[in-house]
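Asker: One file is attached below, coords33.csv, containing CSV, C-alpha atoms.
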chain,number,residue,atom,x,y,z
A,1,MET,CA,0.0,0.0,0.0
A,2,GLU,CA,1.4,3.4,-1.0
A,3,SER,CA,2.2,5.8,1.8
A,4,VAL,CA,0.4,9.1,0.9
A,5,SER,CA,1.6,12.4,2.3
A,6,PRO,CA,-1.0,14.8,3.8
A,7,GLU,CA,-0.3,17.2,0.8
A,8,LEU,CA,-1.0,14.5,-1.7
A,9,ALA,CA,-4.1,13.3,0.1
A,10,GLN,CA,-5.4,16.9,0.1
A,11,LEU,CA,-4.7,17.2,-3.7
A,12,LYS,CA,-6.4,13.9,-4.4
A,13,SER,CA,-9.4,15.0,-2.4
A,14,ALA,CA,-9.6,18.3,-4.3
A,15,LEU,CA,-9.4,16.4,-7.6
A,16,LYS,CA,-12.2,14.1,-6.6
A,17,SER,CA,-14.4,17.0,-5.6
A,18,THR,CA,-13.6,18.8,-8.9
A,19,TRP,CA,-14.7,15.9,-11.0
A,20,MET,CA,-17.8,15.4,-8.9
A,21,ALA,CA,-18.8,19.1,-9.3
A,22,GLY,CA,-21.4,20.1,-11.8
A,23,ASN,CA,-22.7,17.1,-13.9
A,24,PHE,CA,-20.1,15.8,-16.2
A,25,GLY,CA,-22.8,13.4,-17.7
A,26,GLU,CA,-24.3,16.4,-19.5
A,27,VAL,CA,-20.9,17.3,-21.1
A,28,ALA,CA,-20.2,13.6,-21.9
A,29,LYS,CA,-23.3,13.3,-24.0
A,30,PHE,CA,-21.7,15.6,-26.6
A,31,ALA,CA,-18.6,13.4,-26.8
A,32,ALA,CA,-20.3,10.0,-26.9
A,33,LYS,CA,-19.8,9.6,-30.6
A,34,GLU,CA,-16.1,10.3,-30.3
A,35,GLY,CA,-15.9,7.5,-27.7
A,36,GLU,CA,-17.5,5.1,-30.1
A,37,VAL,CA,-15.0,6.0,-32.9
A,38,PHE,CA,-12.0,5.7,-30.6
A,39,VAL,CA,-13.1,2.2,-29.5
A,40,GLN,CA,-13.6,1.1,-33.1
A,41,ARG,CA,-10.1,2.2,-34.0
A,42,ILE,CA,-8.6,0.3,-31.1
A,43,GLY,CA,-10.1,-2.9,-32.5
A,44,ILE,CA,-11.6,-4.4,-29.3
A,45,GLU,CA,-12.4,-8.1,-29.8
A,46,ARG,CA,-15.1,-10.3,-28.3
A,47,GLY,CA,-14.1,-11.9,-25.0
A,48,GLN,CA,-11.2,-9.6,-24.3
A,49,ARG,CA,-10.7,-8.3,-20.7
A,50,VAL,CA,-10.8,-4.5,-21.0
A,51,LEU,CA,-10.1,-1.9,-18.4
A,52,ASP,CA,-11.4,1.6,-19.0
A,53,VAL,CA,-9.4,4.0,-16.7
A,54,ALA,CA,-11.0,7.2,-15.6
A,55,CYS,CA,-14.1,6.0,-17.4
A,56,GLY,CA,-16.5,8.8,-16.4
A,57,THR,CA,-20.0,8.0,-17.4
A,58,GLY,CA,-19.1,5.2,-19.8
A,59,ASN,CA,-18.4,6.8,-23.2
A,60,THR,CA,-15.7,4.2,-24.0
A,61,ALA,CA,-16.7,1.4,-21.6
A,62,ILE,CA,-20.1,1.0,-23.2
A,63,PRO,CA,-19.0,0.7,-26.9
A,64,ALA,CA,-16.3,-1.7,-25.7
A,65,ALA,CA,-18.9,-3.9,-24.1
A,66,HIS,CA,-21.1,-3.7,-27.3
A,67,ALA,CA,-18.1,-5.1,-29.1
A,68,GLY,CA,-18.3,-8.1,-26.9
A,69,ALA,CA,-15.5,-7.4,-24.4
A,70,ASP,CA,-15.6,-8.2,-20.7
A,71,VAL,CA,-15.3,-4.6,-19.5
A,72,THR,CA,-14.4,-3.0,-16.2
A,73,GLY,CA,-14.6,0.8,-15.7
A,74,VAL,CA,-12.8,2.6,-12.9
A,75,ASP,CA,-13.1,6.3,-11.9
A,76,ILE,CA,-12.5,8.5,-8.8
A,77,ALA,CA,-16.0,10.1,-9.0
A,78,PRO,CA,-18.8,7.9,-7.6
A,79,ASN,CA,-21.5,10.1,-9.0
A,80,LEU,CA,-20.2,9.5,-12.5
A,81,LEU,CA,-20.0,5.8,-11.9
A,82,GLU,CA,-23.7,5.8,-10.9
A,83,GLN,CA,-24.5,7.4,-14.3
A,84,ALA,CA,-22.4,4.9,-16.1
A,85,ARG,CA,-24.2,2.0,-14.4
A,86,THR,CA,-27.5,3.4,-15.3
A,87,ARG,CA,-26.5,3.9,-18.9
A,88,ALA,CA,-25.1,0.4,-19.2
A,89,ALA,CA,-28.2,-1.2,-17.6
A,90,SER,CA,-30.5,0.8,-20.0
A,91,GLU,CA,-28.6,-0.8,-22.9
A,92,GLY,CA,-28.6,-4.3,-21.4
A,93,LEU,CA,-24.9,-4.4,-20.8
A,94,SER,CA,-23.1,-6.0,-17.9
A,95,ILE,CA,-20.1,-3.8,-17.0
A,96,ARG,CA,-18.3,-3.5,-13.7
A,97,PHE,CA,-18.0,0.1,-12.7
A,98,GLU,CA,-15.7,0.6,-9.6
A,99,GLU,CA,-14.3,3.5,-7.7
A,100,GLY,CA,-10.5,3.7,-8.0
A,101,ASP,CA,-7.5,5.9,-8.7
A,102,ALA,CA,-5.5,5.8,-12.0
A,103,GLU,CA,-2.3,6.1,-10.0
A,104,SER,CA,-3.1,3.1,-7.8
A,105,LEU,CA,-5.4,0.8,-9.7
A,106,PRO,CA,-7.1,-1.8,-7.6
A,107,TYR,CA,-6.3,-4.7,-9.9
A,108,PRO,CA,-3.6,-7.4,-10.0
A,109,ASP,CA,-0.7,-7.4,-12.4
A,110,ALA,CA,-1.5,-8.4,-16.0
A,111,ALA,CA,-5.2,-8.6,-15.3
A,112,PHE,CA,-6.4,-7.2,-18.7
A,113,ASP,CA,-5.9,-7.8,-22.4
A,114,ALA,CA,-6.4,-4.1,-23.1
A,115,VAL,CA,-6.3,-0.9,-21.0
A,116,ILE,CA,-7.9,2.2,-22.5
A,117,THR,CA,-8.5,5.8,-21.4
A,118,MET,CA,-10.0,8.7,-23.3
A,119,PHE,CA,-9.5,12.2,-21.9
A,120,GLY,CA,-9.3,10.7,-18.5
A,121,ALA,CA,-6.0,9.3,-17.0
A,122,MET,CA,-4.2,12.3,-18.4
A,123,PHE,CA,-5.6,14.4,-15.5
A,124,ALA,CA,-4.0,12.3,-12.7
A,125,PRO,CA,-1.4,14.5,-11.1
A,126,ARG,CA,1.6,12.1,-11.2
A,127,PRO,CA,1.9,11.0,-14.9
A,128,GLU,CA,4.9,8.7,-14.4
A,129,ARG,CA,3.0,6.7,-11.8
A,130,THR,CA,-0.1,6.7,-14.1
A,131,ALA,CA,1.9,5.3,-17.0
A,132,SER,CA,3.4,2.6,-14.7
A,133,GLU,CA,-0.1,1.6,-13.5
A,134,LEU,CA,-1.5,1.4,-17.1
A,135,VAL,CA,1.4,-0.9,-17.9
A,136,ARG,CA,1.2,-3.0,-14.8
A,137,VAL,CA,-2.4,-4.1,-15.1
A,138,CYS,CA,-2.0,-4.9,-18.8
A,139,LYS,CA,-0.8,-8.4,-19.8
A,140,PRO,CA,2.5,-8.7,-21.7
A,141,GLY,CA,1.6,-8.3,-25.4
A,142,GLY,CA,-1.6,-6.6,-24.5
A,143,ARG,CA,-2.6,-3.2,-25.7
A,144,ILE,CA,-2.7,0.2,-24.0
A,145,ALA,CA,-4.7,3.0,-25.8
A,146,MET,CA,-5.0,6.6,-24.8
A,147,ALA,CA,-6.7,9.7,-26.2
A,148,ASN,CA,-5.1,12.9,-24.8
A,149,TRP,CA,-5.8,16.5,-25.6
A,150,THR,CA,-2.8,18.2,-27.2
A,151,PRO,CA,-1.2,21.4,-25.8
A,152,GLU,CA,-1.7,23.3,-29.1
A,153,GLY,CA,-5.3,22.1,-29.8
A,154,PHE,CA,-8.5,23.9,-28.9
A,155,VAL,CA,-9.0,22.2,-25.5
A,156,GLY,CA,-5.3,22.8,-24.7
A,157,LYS,CA,-5.8,26.5,-25.3
A,158,THR,CA,-8.9,26.6,-23.0
A,159,PHE,CA,-6.9,24.9,-20.3
A,160,ARG,CA,-4.0,27.3,-20.7
A,161,ALA,CA,-6.3,30.3,-20.6
A,162,THR,CA,-7.9,29.1,-17.5
A,163,ALA,CA,-4.6,28.4,-15.8
A,164,GLN,CA,-3.5,31.9,-16.4
A,165,LEU,CA,-6.3,33.2,-14.1
A,166,VAL,CA,-6.6,30.1,-11.9
A,167,PRO,CA,-3.1,28.6,-11.5
A,168,PRO,CA,-2.9,24.8,-11.0
A,169,PRO,CA,-1.5,23.2,-7.8
A,170,PRO,CA,2.3,23.7,-7.6
A,171,GLY,CA,4.3,20.8,-8.9
A,172,VAL,CA,1.6,19.2,-11.0
A,173,PRO,CA,2.5,19.0,-14.7
A,174,PRO,CA,0.0,20.2,-17.2
A,175,PRO,CA,-2.3,17.4,-18.2
A,176,VAL,CA,-1.9,18.2,-21.9
A,177,LEU,CA,1.7,17.1,-21.8
A,178,TRP,CA,0.1,13.7,-22.4
A,179,GLY,CA,-0.7,15.1,-25.8
A,180,ASP,CA,3.0,15.5,-26.7
A,181,GLU,CA,4.3,12.4,-28.4
A,182,GLN,CA,7.8,12.7,-27.1
A,183,VAL,CA,6.6,13.1,-23.6
A,184,VAL,CA,4.4,10.0,-23.9
A,185,ARG,CA,7.3,8.0,-25.3
A,186,GLN,CA,9.5,9.1,-22.4
A,187,ARG,CA,6.8,8.2,-19.8
A,188,PHE,CA,6.3,4.7,-21.1
A,189,GLY,CA,9.9,4.1,-22.0
A,190,ASN,CA,11.0,0.4,-22.2
A,191,ALA,CA,7.8,-0.8,-20.6
A,192,VAL,CA,6.2,-1.0,-24.0
A,193,ALA,CA,7.4,-3.0,-27.0
A,194,SER,CA,6.0,-0.6,-29.5
A,195,LEU,CA,4.1,2.7,-29.5
A,196,SER,CA,2.3,4.8,-32.2
A,197,ALA,CA,0.9,8.2,-31.9
A,198,THR,CA,-1.6,9.9,-34.3
A,199,LYS,CA,-3.1,13.3,-34.1
A,200,ARG,CA,-6.9,13.2,-34.4
A,201,LEU,CA,-9.7,15.8,-34.4
A,202,ALA,CA,-12.7,15.4,-32.2
A,203,HIS,CA,-15.8,17.2,-33.6
A,204,PHE,CA,-18.1,18.8,-31.1
A,205,GLN,CA,-21.5,20.3,-32.0
A,206,TYR,CA,-23.6,22.3,-29.6
A,207,PRO,CA,-27.1,23.6,-30.3
A,208,PHE,CA,-26.4,27.0,-28.9
A,209,ALA,CA,-24.0,30.0,-29.4
A,210,PRO,CA,-20.4,30.1,-28.1
A,211,GLU,CA,-21.4,32.3,-25.2
A,212,LYS,CA,-24.0,29.8,-24.1
A,213,VAL,CA,-21.4,27.0,-24.5
A,214,VAL,CA,-19.2,28.7,-21.9
A,215,ASP,CA,-22.2,29.0,-19.6
A,216,PHE,CA,-22.9,25.3,-20.2
A,217,PHE,CA,-19.4,24.2,-19.2
A,218,ARG,CA,-19.4,26.6,-16.3
A,219,GLU,CA,-22.5,24.8,-14.9
A,220,TYR,CA,-21.7,21.2,-15.8
A,221,PHE,CA,-18.0,20.7,-16.3
A,222,GLY,CA,-16.4,20.2,-12.9
A,223,PRO,CA,-13.0,21.8,-13.7
A,224,THR,CA,-14.6,24.9,-15.3
A,225,LYS,CA,-17.1,25.2,-12.5
A,226,MET,CA,-14.4,25.0,-9.8
A,227,ALA,CA,-12.2,27.5,-11.7
A,228,PHE,CA,-14.9,30.1,-11.7
A,229,SER,CA,-15.7,29.4,-8.0
A,230,ARG,CA,-12.1,30.3,-7.1
A,231,LEU,CA,-12.4,33.8,-8.6
A,232,ASP,CA,-14.1,37.0,-7.5
A,233,ALA,CA,-16.7,38.7,-9.6
A,234,ASP,CA,-14.1,40.6,-11.7
A,235,GLY,CA,-12.1,37.5,-12.2
A,236,GLN,CA,-15.1,35.5,-13.3
A,237,LYS,CA,-15.9,38.2,-15.9
A,238,ARG,CA,-12.4,38.0,-17.3
A,239,LEU,CA,-12.4,34.2,-17.5
A,240,ALA,CA,-15.8,34.2,-19.1
A,241,ALA,CA,-14.6,36.8,-21.7
A,242,VAL,CA,-11.4,34.8,-22.5
A,243,LEU,CA,-13.3,31.5,-22.9
A,244,GLN,CA,-16.1,33.1,-25.0
A,245,SER,CA,-13.4,34.6,-27.3
A,246,LEU,CA,-11.8,31.2,-27.8
A,247,TRP,CA,-15.1,29.5,-28.6
A,248,ARG,CA,-16.0,32.3,-31.0
A,249,GLU,CA,-12.6,32.2,-32.7
A,250,HIS,CA,-12.8,28.4,-33.3
A,251,ASN,CA,-16.5,28.2,-34.1
A,252,GLN,CA,-17.2,26.8,-37.5
A,253,ALA,CA,-20.9,27.1,-37.4
A,254,THR,CA,-23.3,29.9,-37.9
A,255,ALA,CA,-27.0,30.7,-37.1
A,256,GLY,CA,-26.5,30.6,-33.3
A,257,THR,CA,-24.9,27.2,-33.0
A,258,THR,CA,-21.4,26.0,-32.2
A,259,GLU,CA,-19.1,23.5,-33.9
A,260,VAL,CA,-15.5,23.1,-32.9
A,261,GLU,CA,-12.8,20.7,-33.8
A,262,ALA,CA,-10.4,19.8,-30.9
A,263,GLU,CA,-7.1,18.1,-31.5
A,264,TYR,CA,-6.0,15.1,-29.5
A,265,LEU,CA,-3.2,12.5,-29.6
A,266,GLU,CA,-4.3,8.9,-30.0
A,267,VAL,CA,-1.7,6.7,-28.4
A,268,LYS,CA,-1.5,2.9,-29.1
A,269,ALA,CA,1.1,0.8,-27.3
A,270,VAL,CA,1.9,-2.9,-26.8
A,271,ARG,CA,3.1,-3.9,-23.4
A,272,ALA,CA,6.6,-5.4,-23.4
Please rewrite the model in this file as structure tokens.

Answerer:
Amino acid sequence: MESVSPELAQLKSALKSTWMAGNFGEVAKFAAKEGEVFVQRIGIERGQRVLDVACGTGNTAIPAAHAGADVTGVDIAPNLLEQARTRAASEGLSIRFEEGDAESLPYPDAAFDAVITMFGAMFAPRPERTASELVRVCKPGGRIAMANWTPEGFVGKTFRATAQLVPPPPGVPPPVLWGDEQVVRQRFGNAVASLSATKRLAHFQYPFAPEKVVDFFREYFGPTKMAFSRLDADGQKRLAAVLQSLWREHNQATAGTTEVEAEYLEVKAVRA
């Protein structure tokens, strides 16, 4: 059992509270199709044991189960797991959804044929430990697949803009470094026999204008909601203005709706 310092315990507690804030399920609905496409490209096969790390409300666990895999989803936020269970049950799927930490996965070594994570494990504060855990629970010759926002993509820009007004905890590397291929290769090192990285675009459509999209994320997306809560009234106005400007700049739609393409790095590795 890992010995956790009071500072790390406090950080973990804050992260859990952040992801439980708002209602990420509302945000996840707009990314469900991307989860399906990601799982299709991984090539999950019937009967495989699959672990979805930082599974949220099930956007990747559910299509993996539809492909015939034996799926387990793990996440730090129990309210998201409850939504995932409800979704799976409504689709007649048997998926184990369990509370757990990407940096200390509650599973034995080599327990899974494939370990996947989409826009999830990248947010754990100790990336080297996360990489080690993704490898540890994957069997030799098994596959590890990640989808990580890139630093230069749209989501990376929104994170950077937010961090300028609401600095992250000291000593925690930016999550979007998981979207840098060289950093990913360094973190996995010799633990994987092969690794490929491909930049992809996630396409998001919202039936309201960019300004309303910011309001939507402010209400439902935990990290955005918590960022606003840490600012005074003037700071909240500045952050809202910056985010609205980014959404307007990248919006490809007209007539009061919003369409944005967000770059991410798709990582596929084989455990050594």

Asker: Using only C-alpha atoms, can you list as a PDB file with C-alpha atoms, in the coordinates of the input the residues within 12 Å of (-4.0, 29.8, -19.0)?

Answerer:
ATOM      1  CA  PRO A 151      -1.200  21.400 -25.800  1.00  0.00           C
ATOM      2  CA  VAL A 155      -9.000  22.200 -25.500  1.00  0.00           C
ATOM      3  CA  GLY A 156      -5.300  22.800 -24.700  1.00  0.00           C
ATOM      4  CA  LYS A 157      -5.800  26.500 -25.300  1.00  0.00           C
ATOM      5  CA  THR A 158      -8.900  26.600 -23.000  1.00  0.00           C
ATOM      6  CA  PHE A 159      -6.900  24.900 -20.300  1.00  0.00           C
ATOM      7  CA  ARG A 160      -4.000  27.300 -20.700  1.00  0.00           C
ATOM      8  CA  ALA A 161      -6.300  30.300 -20.600  1.00  0.00           C
ATOM      9  CA  THR A 162      -7.900  29.100 -17.500  1.00  0.00           C
ATOM     10  CA  ALA A 163      -4.600  28.400 -15.800  1.00  0.00           C
ATOM     11  CA  GLN A 164      -3.500  31.900 -16.400  1.00  0.00           C
ATOM     12  CA  LEU A 165      -6.300  33.200 -14.100  1.00  0.00           C
ATOM     13  CA  VAL A 166      -6.600  30.100 -11.900  1.00  0.00           C
ATOM     14  CA  PRO A 167      -3.100  28.600 -11.500  1.00  0.00           C
ATOM     15  CA  PRO A 168      -2.900  24.800 -11.000  1.00  0.00           C
ATOM     16  CA  PRO A 174       0.000  20.200 -17.200  1.00  0.00           C
ATOM     17  CA  ALA A 227     -12.200  27.500 -11.700  1.00  0.00           C
ATOM     18  CA  ARG A 238     -12.400  38.000 -17.300  1.00  0.00           C
ATOM     19  CA  LEU A 239     -12.400  34.200 -17.500  1.00  0.00           C
ATOM     20  CA  VAL A 242     -11.400  34.800 -22.500  1.00  0.00           C
ATOM     21  CA  LEU A 243     -13.300  31.500 -22.900  1.00  0.00           C
ATOM     22  CA  LEU A 246     -11.800  31.200 -27.800  1.00  0.00           C
TER      23      LEU A 246
END

Asker: Work out how far apart CA of Trp247 in chain A and CA of Pro210 in chain A are and give it in Å to one decimal.

Answerer: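 These two atoms are separated by 5.4 Å.
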
Asker: Of the candidates A:Ala145, A:Leu201, A:Leu15, A:Ala110, which shows the shortest atom-to-atom distance to Glu261 in chain A, using all atoms listed in the file?

Answerer: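 Of A:Ala145, A:Leu201, A:Leu15, A:Ala110, the one nearest Glu261 in chain A, counting all atoms listed in the file, is A:Leu201.
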
Asker: Ranking A:Ala193, A:Val50, A:Ala272, A:Ile76 by minimum distance to Ile116 in chain A and counting only C-alpha atoms, which one comes first?

Answerer: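 Selected residue with least distance to Ile116 in chain A: A:Val50.
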
Asker: As a list in words, please: the residues near Arg218 in chain A (cut-off 9 Å, all atoms listed in the file, same-chain neighbours under 6 positions excluded).

Answerer: Gly22, Thr224, Lys225, Met226, Ala227, Phe228 and Ala240 of chain A

Asker: Taking (-5.1, 1.3, -19.8) as a centre in this file's frame and 8 Å as the limit, can you find every polymer residue with an atom that close, using all atoms listed in the file, and give them as a ChimeraX atom specification?

Answerer: /A:51-53,114-117,134-135,137-138,143-146

Asker: My list of candidates is A:Tyr220, A:Gln40, A:Pro127, A:Val270. Which is closest to Gly141 in chain A when distances are computed with only C-alpha atoms?

Answerer: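 Nearest candidate to Gly141 in chain A out of A:Tyr220, A:Gln40, A:Pro127, A:Val270: A:Val270.
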